[in-house]
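K.L.:
Let me give you the structure first, and then I'll get to my questions.
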Amino acid sequence: MISSRWAAAVVFVVAAPLAYAAPEWITAAARKAVPQYPANTRAVILYDSTELTIGGDTIVTHRRRVARILTAAGSDLAEVQVALDRDSTLRNLRAWSITNGVEKEVGERDAIETAAFGDVYDDLRMKILRIPGAQAGSIVAYEYEESGHPSAMEATWRFQSDVPVIEAKLAVTLPEGWLYESAWFPREPAAASLVTGRATWTLHDVPAIEDEPRRPSLSAIAGRLSLRFGLNARRTWSGVAQWYSGLAAQRCTSSPQLEAKVRELVARDAPVLDRVRALGRFVQQQVRYVAVEIGIGGYQPHLATDVFKNRYGDCKDKVTLLRSMLRAAGVESYYVLVNATPGVVDPEFPSASPFNHAIIALRLPPDASLSDVHSSLRHARLGTLVFFDPTSDVTPVGLLPQYLQQSRGLLVTADGGDLIELPAASPATNQLRRRAMLRLDEKGTLSGEVEEIRSGSIAAEMRAALRPLTASDRIGVIESAAASHVAGLNARNVRIDHLDEIGTDLLVRYEITASGYATRTADLVLVRSRVLGHKGEPIVDASHRKYAYVTDGPSLQTDEFEIALPNSLQLDELPPSASVSNDFLTYSSSTRAIEGKLVFRRQYEMRVFSVAASMLLDLNRAFSKIDADERGSAVFIEKP
């Protein structure tokens, strides 16, 4: 992790409060008329004010918020969370509720302090205050002031969330002679009201981010204003990279023990990718993920020699150790800063703050073989680069985790760097190949063997799901997944091969039995030719859709099912072949009767990570055709 400076939601019970009179700014907000919202709107923020006072290396934040809870689901707004580090001071934390005319107040004395993240050792702590008496119809409000010394004179105003806002206000007061740089995302900028040394922005009727199926993450689409302050507030991506290079470059230390381990793992004259794979496996498998982030440690990695000695570290520590080991093996490499949530990094606002993860870029010689490499790009200045995430223990060298593909990363070099788009693997890299040899008996029971071969991101996702489980739980996952496709299906004798060999296809075999698979109607027998696997997604409400539809990512999936038929059945009709093609996906299928067998073959290729809302009618048409094909059955008559 690059930095843990984000809030985590935790619920605590506090002591019983006393009754107090709420301040006028709360009662004024409570009198605001609330528009007619959809029935599922859980709350509305009536007033949200943030005042920033900038002075030297200090930012003082004064925050006020008033909300009306509309349904029981909105009770999560009855909680205040303030993130603090060792350089932060919290003062004047107060909160109120007004329910059926009864006012209650709590303060900092009622708050709970806890660590922000369970898997991170850092100086970040959370003050969490639960506002009592909240229920549907309640007004809840809070106010606090915090003084901090951030590592960069920057701030982000997040004015949009999954609940509507009637009024949001940001005010910034600057020292004499200071300037600010701003960037709005993703909406058009609002004009500031300017008074000497103070800028104010006010927004009205900010809509909620609707919870649409498969929409991008809230942090990637919610409106925000990013600000930077200083005598010269402008910054470039190259400048951000240069800053990080200075912070991290001297951490790539070496030692005789480290260099001896490199010689043990790789031969100096081995092909460059063989060296990278051997050292990458060591860092993935032998260095535990433990984050220790105190102060600047949220950004600056630990010494490579310490990480090697202790055998633990976070993402940037793993990259630092791997860079040192690669250097000893004669391979040049670079830090790449990324965000694990696609779409969060705003290219219009150069800053280190959006990055919460680090990976590595490997510089290959011009003659290096790129077979089985799906995460490379040609850089104008550095030549061939291959990107790798040593924190992901299910993703081999040559492939990026799918959530990083086609996202933005900051390539860090000694003399600067570039904001780049990370490479995406082709659909053919991420495959699911399923084949089943089955039999249908006279009673209509289907049985036989299934083999599934997964590669690329599809294999990585399955490994990530299975590896933390016990052997029996792994089998249960496979059995449940198979049973979800056919009513009455039972899976048994599950075998999983190559689970820990991440550079190899993942192989799963199992046997199935499904009683009543053949359906009898009068003198006809219907046999569905597609047995397992569902590609037709539910229809999306395209008429009111606002956001893009996020797919499972590019992939190529094939199915082949052979069903040996009983001699008593005579073919009457086969389902028609299907063919679907648009800019996002292709699908084709065919059903044949060959030598007493029903043979179904199909191929599904998804080409994109997301589909724009304006194109969802085309996507719906494709899914509708696929769904109809998946329900198709061959029709037989029983021989006399």
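Every chain in the structure tokens takes a letter, A first, then B, and so on in the order presented; its residues are numbered from 1, and the ligands are numbered from 1 following the presented order.
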Which residues are close to A:Thr27, i.e. within 12 Å by only C-alpha atoms, leaving aside same-chain residues fewer than 6 positions away? Reply as a tab-separated table (two decimals) with N, CA, C and O atoms, in the first residue's frame.
P.N.:
```
chain	number	residue	atom	x	y	z
A	21	ALA	N	-29.74	21.97	23.24
A	21	ALA	CA	-30.34	22.74	22.16
A	21	ALA	C	-29.39	22.76	20.99
A	21	ALA	O	-28.22	23.11	21.14
A	46	LEU	N	-28.69	17.85	3.88
A	46	LEU	CA	-29.31	19.17	3.76
A	46	LEU	C	-28.26	20.27	3.61
A	46	LEU	O	-28.48	21.25	2.88
A	47	TYR	N	-27.15	20.10	4.30
A	47	TYR	CA	-26.12	21.14	4.30
A	47	TYR	C	-24.78	20.47	4.60
A	47	TYR	O	-24.66	19.70	5.55
A	65	ARG	N	-21.98	19.25	8.87
A	65	ARG	CA	-22.90	18.52	7.99
A	65	ARG	C	-24.21	18.27	8.71
A	65	ARG	O	-24.22	17.90	9.89
A	66	VAL	N	-25.30	18.44	7.96
A	66	VAL	CA	-26.65	18.17	8.47
A	66	VAL	C	-27.34	17.25	7.47
A	66	VAL	O	-27.34	17.53	6.27
A	67	ALA	N	-27.92	16.17	7.95
A	67	ALA	CA	-28.60	15.22	7.06
A	67	ALA	C	-29.95	14.84	7.66
A	67	ALA	O	-30.15	14.87	8.88
A	68	ARG	N	-30.88	14.49	6.79
A	68	ARG	CA	-32.16	13.93	7.21
A	68	ARG	C	-32.20	12.47	6.78
A	68	ARG	O	-32.00	12.15	5.60
A	96	TRP	N	-25.20	15.98	16.89
A	96	TRP	CA	-26.56	16.14	17.39
A	96	TRP	C	-27.53	15.25	16.62
A	96	TRP	O	-27.27	14.89	15.46
A	97	SER	N	-28.65	14.96	17.26
A	97	SER	CA	-29.78	14.34	16.58
A	97	SER	C	-31.06	15.04	17.03
A	97	SER	O	-31.16	15.50	18.17
A	98	ILE	N	-32.00	15.14	16.10
A	98	ILE	CA	-33.32	15.67	16.42
A	98	ILE	C	-34.33	14.65	15.90
A	98	ILE	O	-34.44	14.43	14.69
A	101	GLY	N	-38.82	16.02	17.64
A	101	GLY	CA	-38.71	17.18	18.51
A	101	GLY	C	-37.76	17.02	19.66
A	101	GLY	O	-37.49	17.98	20.40
A	103	GLU	N	-34.07	16.65	21.08
A	103	GLU	CA	-32.70	16.93	20.65
A	103	GLU	C	-31.71	16.25	21.59
A	103	GLU	O	-31.89	16.26	22.82
A	139	ILE	N	-33.13	14.15	12.08
A	139	ILE	CA	-32.06	15.04	11.62
A	139	ILE	C	-30.81	14.66	12.40
A	139	ILE	O	-30.84	14.54	13.63
A	140	VAL	N	-29.71	14.43	11.69
A	140	VAL	CA	-28.42	14.16	12.35
A	140	VAL	C	-27.42	15.17	11.82
A	140	VAL	O	-27.43	15.53	10.63
A	141	ALA	N	-26.55	15.65	12.69
A	141	ALA	CA	-25.60	16.69	12.31
A	141	ALA	C	-24.31	16.52	13.11
A	141	ALA	O	-24.31	15.93	14.20
```
K.L.:
At a cut-off of 7 Å, using only C-alpha atoms, what residues contact A:Asn430? Leave out same-chain residues fewer than 5 positions from it and give the result as a ChimeraX atom specification.
P.N.:
/A:455-458,555-556
K.L.:
Which residues in stretch 508-615 of chain A does DSSP call strand (DSSP E or B)? List them as a ChimeraX atom specification.
P.N.:
/A:508-514,519-521,524-528,549-550,555-564,569-573,578-581,585-594,597-606,610-611
K.L.:
Within 8 Å of A:Ala329, counting only C-alpha atoms, which residues show up once you throw out same-chain ones fewer than 2 positions away? Write them as a VMD selection string, please.
P.N.:
chain A and resid 262 to 263 266 268 275 325 to 327 331
K.L.:
Write a file of the just-selected residues containing C-alpha atoms, as a PDB file, in the first residue's frame.
P.N.:
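Listing of part16.pdb after writing:
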```pdb
ATOM      1  CA  VAL A 262      20.124 -13.812  -6.273  1.00  0.00           C
ATOM      2  CA  ARG A 263      22.997 -16.067  -7.387  1.00  0.00           C
ATOM      3  CA  VAL A 266      19.228 -17.305 -11.107  1.00  0.00           C
ATOM      4  CA  ARG A 268      23.536 -14.388 -14.675  1.00  0.00           C
ATOM      5  CA  ARG A 275      15.690 -14.243 -14.241  1.00  0.00           C
ATOM      6  CA  MET A 325      17.455  -8.206  -6.654  1.00  0.00           C
ATOM      7  CA  LEU A 326      16.885  -7.488 -10.344  1.00  0.00           C
ATOM      8  CA  ARG A 327      19.717  -4.986 -10.335  1.00  0.00           C
ATOM      9  CA  VAL A 331      17.869  -6.208 -15.073  1.00  0.00           C
TER      10      VAL A 331
END
```
